[in-house]
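Shown next: final_30.cif, given as mmCIF, C-alpha atoms.
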data_run
loop_
_atom_site.label_atom_id
_atom_site.label_comp_id
_atom_site.auth_asym_id
_atom_site.auth_seq_id
_atom_site.Cartn_x
_atom_site.Cartn_y
_atom_site.Cartn_z
CA MET A 153 -8.13 64.45 -6.15
CA ILE A 154 -9.29 63.75 -2.60
CA ILE A 155 -11.16 66.18 -0.38
CA GLU A 156 -11.68 65.52 3.31
CA ILE A 157 -13.99 66.70 6.05
CA ASP A 158 -12.48 66.43 9.51
CA GLY A 159 -15.35 66.27 11.99
CA ALA A 160 -13.02 67.18 14.85
CA HIS A 161 -12.60 70.65 13.37
CA SER A 162 -16.03 70.88 11.72
CA GLY A 163 -18.06 70.00 14.82
CA ILE A 164 -19.35 66.72 13.40
CA ARG A 165 -19.30 64.57 16.49
CA PHE A 166 -21.59 62.75 18.86
CA SER A 167 -21.51 60.97 22.19
CA ALA A 168 -23.24 57.62 22.58
CA CYS A 169 -23.06 54.36 24.46
CA HIS A 170 -23.04 50.79 23.21
CA PHE A 171 -21.73 47.32 24.00
CA ILE A 172 -20.14 44.52 21.99
CA PRO A 173 -21.59 41.15 23.03
CA GLY A 174 -19.00 38.50 23.82
CA HIS A 175 -16.04 40.91 23.98
CA GLU A 176 -14.07 40.55 27.21
CA LYS A 177 -14.07 44.24 28.10
CA CYS A 178 -16.44 45.91 25.64
CA SER A 179 -19.42 43.68 26.44
CA ARG A 180 -20.12 46.09 29.30
CA LEU A 181 -22.25 49.12 28.50
CA HIS A 182 -19.83 51.99 27.85
CA GLY A 183 -19.61 55.21 25.86
CA HIS A 184 -17.48 57.08 23.38
CA SER A 185 -17.15 60.58 22.03
CA TYR A 186 -17.27 59.81 18.31
CA ILE A 187 -15.91 62.01 15.52
CA VAL A 188 -17.20 61.62 11.97
CA ARG A 189 -14.88 62.07 8.99
CA ALA A 190 -15.44 61.85 5.24
CA ARG A 191 -13.27 61.67 2.14
CA LEU A 192 -14.37 62.00 -1.44
CA GLU A 193 -12.31 61.05 -4.45
CA GLY A 194 -13.03 62.57 -7.82
CA GLU A 195 -12.05 65.01 -10.48
CA VAL A 196 -12.44 68.75 -10.12
CA GLY A 197 -15.70 69.72 -11.80
CA SER A 198 -16.51 72.70 -13.97
CA ASN A 199 -17.29 74.71 -10.82
CA GLY A 200 -13.67 74.26 -9.66
CA MET A 201 -14.60 71.80 -6.88
CA VAL A 202 -14.78 68.05 -6.44
CA MET A 203 -17.95 68.73 -4.43
CA ASP A 204 -19.34 71.54 -2.31
CA PHE A 205 -18.39 70.83 1.30
CA VAL A 206 -21.69 72.33 2.52
CA ASP A 207 -23.90 69.53 1.16
CA ILE A 208 -21.87 66.68 2.60
CA LYS A 209 -21.36 68.42 5.96
CA LYS A 210 -25.12 68.93 6.39
CA ALA A 211 -25.77 65.22 5.85
CA LEU A 212 -22.94 64.17 8.18
CA LYS A 213 -24.16 66.55 10.91
CA ALA A 214 -27.70 65.18 10.61
CA ALA A 215 -26.42 61.62 11.04
CA ALA A 216 -24.35 62.62 14.07
CA GLU A 217 -27.26 64.49 15.65
CA GLU A 218 -29.50 61.43 15.30
CA MET A 219 -27.01 59.29 17.26
CA ASP A 220 -26.01 61.93 19.81
CA HIS A 221 -26.60 60.97 23.46
CA LYS A 222 -28.31 57.70 22.53
CA THR A 223 -27.81 54.09 23.45
CA LEU A 224 -26.94 52.43 20.13
CA LEU A 225 -28.32 48.93 19.62
CA PRO A 226 -27.94 46.47 16.73
CA ARG A 227 -31.00 45.33 14.80
CA ASN A 228 -29.51 42.37 12.89
CA THR A 229 -28.13 39.92 15.41
CA ASP A 230 -29.20 36.73 17.11
CA ASN A 231 -27.21 37.30 20.31
CA VAL A 232 -28.95 40.57 21.24
CA LYS A 233 -32.70 40.44 21.79
CA VAL A 234 -34.36 43.85 21.57
CA THR A 235 -37.99 44.27 22.60
CA VAL A 236 -39.61 47.65 22.02
CA SER A 237 -42.74 48.67 23.90
CA GLU A 238 -44.61 51.95 24.00
CA ARG A 239 -42.25 53.56 26.51
CA GLU A 240 -39.26 51.25 26.92
CA VAL A 241 -36.67 49.19 25.12
CA GLU A 242 -35.64 45.96 26.81
CA VAL A 243 -32.37 44.35 25.79
CA THR A 244 -31.10 40.92 26.77
CA THR A 245 -27.69 39.64 25.81
CA CYS A 246 -24.98 37.43 27.33
CA GLY A 247 -26.98 36.88 30.52
CA LYS A 248 -27.58 40.60 31.05
CA ARG A 249 -30.82 42.60 30.89
CA TYR A 250 -31.09 46.32 30.27
CA VAL A 251 -34.20 48.51 30.17
CA PHE A 252 -33.93 51.97 28.57
CA PRO A 253 -36.45 54.75 28.01
CA LYS A 254 -37.49 54.48 24.35
CA GLU A 255 -36.40 58.05 23.54
CA ASP A 256 -32.85 57.27 24.72
CA VAL A 257 -32.32 54.44 22.20
CA LEU A 258 -31.44 54.26 18.52
CA ILE A 259 -31.67 50.85 16.88
CA LEU A 260 -29.24 50.66 13.97
CA ASP A 261 -29.40 48.43 10.92
CA VAL A 262 -26.14 46.68 11.83
CA ASP A 263 -25.06 43.28 13.17
CA ILE A 264 -23.01 44.85 15.96
CA THR A 265 -22.42 48.45 17.03
CA THR A 266 -18.69 48.59 16.33
CA ALA A 267 -17.11 51.63 14.70
CA GLU A 268 -16.50 49.43 11.64
CA GLU A 269 -20.18 48.56 11.22
CA MET A 270 -21.38 52.07 12.01
CA SER A 271 -19.00 53.61 9.45
CA ARG A 272 -20.38 51.17 6.85
CA LEU A 273 -23.95 52.15 7.75
CA MET A 274 -23.14 55.86 7.65
CA THR A 275 -21.48 55.50 4.23
CA LYS A 276 -24.48 53.70 2.75
CA ASP A 277 -26.93 56.17 4.33
CA LEU A 278 -24.91 59.11 3.02
CA ILE A 279 -24.97 57.70 -0.50
CA SER A 280 -28.76 57.49 -0.26
CA ALA A 281 -29.18 60.97 1.26
CA VAL A 282 -26.83 63.09 -0.86
CA LYS A 283 -26.83 63.74 -4.59
CA PHE A 284 -23.17 63.37 -5.50
CA PRO A 285 -21.90 65.00 -8.69
CA GLU A 286 -20.89 62.60 -11.46
CA ASN A 287 -17.23 63.57 -11.06
CA VAL A 288 -17.13 62.02 -7.54
CA ARG A 289 -15.95 58.40 -7.82
CA ARG A 290 -15.66 57.14 -4.24
CA LEU A 291 -16.81 58.02 -0.74
CA TRP A 292 -15.16 57.05 2.54
CA VAL A 293 -16.68 57.62 5.97
CA GLY A 294 -14.47 57.35 9.02
CA LEU A 295 -15.66 57.08 12.59
CA ASP A 296 -13.29 57.79 15.48
CA GLU A 297 -14.21 55.89 18.63
CA GLU A 298 -11.44 57.59 20.50
CA ARG A 299 -8.65 59.87 19.35
CA GLY A 300 -6.35 57.88 17.08
CA GLN A 301 -8.78 54.98 16.51
CA THR A 302 -10.71 55.41 13.26
CA ALA A 303 -12.68 52.83 11.30
CA TRP A 304 -13.03 53.68 7.59
CA TYR A 305 -15.48 52.24 5.07
CA SER A 306 -15.69 53.16 1.40
CA GLU A 307 -18.00 52.63 -1.55
CA PRO A 308 -17.61 53.51 -5.21
CA LEU A 309 -20.21 55.94 -6.51
#
The structure given in the file should be rewritten as structure tokens.
Amino acid sequence: MIIEIDGAHSGIRFSACHFIPGHEKCSRLHGHSYIVRARLEGEVGSNGMVMDFVDIKKALKAAAEEMDHKTLLPRNTDNVKVTVSEREVEVTTCGKRYVFPKEDVLILDVDITTAEEMSRLMTKDLISAVKFPENVRRLWVGLDEERGQTAWYSEPL
């Protein structure tokens, strides 16, 4: 059985900006209104549920809140140099230089801040943060960049 959480209807969303170095259009700093989705595959447990929606929704909302209204930057790339000081974050990439207030930035453990990489990160973080019942076999996390454009990543549990 598969259960799904639709962040569009559950209020699990965030707005953030990012850029994709080397992309013709998306290398410019721009933003999205992201929606977070999740699917769990498993058998119905003795409590009559695959998993309680409350636990997974809390973790998804916490992840969305952390990214909300931030500039998302990649940590693991050679073509984006990020320098963090006490009050600022300086970014140089593709001949451009940005300086952001430190509190406006979230540096993610990804190679690039695409929806694909961020859905992978969110899936792995969710697996670490939530105690899944043994009857749950697989987790998917989907991230909508715009309506109708969702990147999904899944891991077996």
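You will find CA of Lys283 in chain A at 20.8 Å from CA of Ser162 in chain A.
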TODO: Identify all residues satisfying the PyMOL selection byres ((chain A and resi 210) around 12) in the given file; provide them as number ranges by chain.
DONE: A: 157, 159, 162-164, 204-209, 211-217, 278, 281-282
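The coordinates place CA of Thr266 in chain A at 8.9 Å from CA of Glu297 in chain A.
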TODO: Could you check how far CA of Met203 in chain A sits from CA of Gln301 in chain A, in Å to one decimal?
DONE: 26.7 Å
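If all atoms listed in the file are the atoms counted, then among A:Arg299, A:Leu260, A:Ile155, A:Leu192 the closest residue to Ile279 in chain A is A:Leu192.
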Open item on the list: As a check of understanding, name the residues that the PyMOL selection byres ((chain A and resi 241) around 6) selects in the supplied structure, as JSON, numbers by chain.
Closed with: {"A": [235, 236, 240, 242, 251, 252, 254]}
Include C-alpha atoms and write out the residues we just selected as a PDB file, keeping the file's coordinate frame.
ATOM      1  CA  THR A 235     -37.990  44.270  22.600  1.00  0.00           C
ATOM      2  CA  VAL A 236     -39.610  47.650  22.020  1.00  0.00           C
ATOM      3  CA  GLU A 240     -39.260  51.250  26.920  1.00  0.00           C
ATOM      4  CA  GLU A 242     -35.640  45.960  26.810  1.00  0.00           C
ATOM      5  CA  VAL A 251     -34.200  48.510  30.170  1.00  0.00           C
ATOM      6  CA  PHE A 252     -33.930  51.970  28.570  1.00  0.00           C
ATOM      7  CA  LYS A 254     -37.490  54.480  24.350  1.00  0.00           C
TER       8      LYS A 254
END
Open item on the list: Applying the PyMOL selection byres ((chain A and resi 193) around 7) to the file I just gave you, which residues come out? Please list them as an MDAnalysis selection string.
Closed with: chainID A and resid 153:155 191:192 194 288:291
If I put a ball of radius 8 Å at (-19.0, 51.8, 5.4) in the file's coordinates, which residues poke into it when counting all atoms listed in the file, written as a PDB file with C-alpha atoms, in the coordinates of the input?
ATOM      1  CA  GLU A 268     -16.500  49.430  11.640  1.00  0.00           C
ATOM      2  CA  GLU A 269     -20.180  48.560  11.220  1.00  0.00           C
ATOM      3  CA  MET A 270     -21.380  52.070  12.010  1.00  0.00           C
ATOM      4  CA  SER A 271     -19.000  53.610   9.450  1.00  0.00           C
ATOM      5  CA  ARG A 272     -20.380  51.170   6.850  1.00  0.00           C
ATOM      6  CA  LEU A 273     -23.950  52.150   7.750  1.00  0.00           C
ATOM      7  CA  MET A 274     -23.140  55.860   7.650  1.00  0.00           C
ATOM      8  CA  THR A 275     -21.480  55.500   4.230  1.00  0.00           C
ATOM      9  CA  LYS A 276     -24.480  53.700   2.750  1.00  0.00           C
ATOM     10  CA  TRP A 292     -15.160  57.050   2.540  1.00  0.00           C
ATOM     11  CA  VAL A 293     -16.680  57.620   5.970  1.00  0.00           C
ATOM     12  CA  TRP A 304     -13.030  53.680   7.590  1.00  0.00           C
ATOM     13  CA  TYR A 305     -15.480  52.240   5.070  1.00  0.00           C
ATOM     14  CA  SER A 306     -15.690  53.160   1.400  1.00  0.00           C
ATOM     15  CA  GLU A 307     -18.000  52.630  -1.550  1.00  0.00           C
TER      16      GLU A 307
END
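Residue nearest Thr245 in chain A, chosen from A:Glu176, A:Glu156, A:Asp230, A:Asp220 and counting all atoms listed in the file: A:Asp230.
With all atoms listed in the file as the basis for measurement, A:Val188 is the residue among A:Ile259, A:Ile172, A:Tyr250, A:Val188 that approaches Thr302 in chain A most closely.
When all atoms listed in the file are used to compute distances to Ser237 in chain A, the closest of the residues A:Asn199, A:Arg249, A:Glu255, A:Leu224 turns out to be A:Glu255.
Distances here use all atoms listed in the file; by that measure, the residue among A:Asn287, A:Ser179, A:Thr265, A:Ser280 closest to Thr223 in chain A is A:Thr265.
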Could you give me the axis-aligned bounding box of range 192-196 of chain A, with 3 Å of padding per side, as centre plus edge lengths in Å to one decimal, as lines of an AutoDock Vina configuration file?
center_x = -13.2
center_y = 64.9
center_z = -6.0
size_x = 8.3
size_y = 13.7
size_z = 15.0
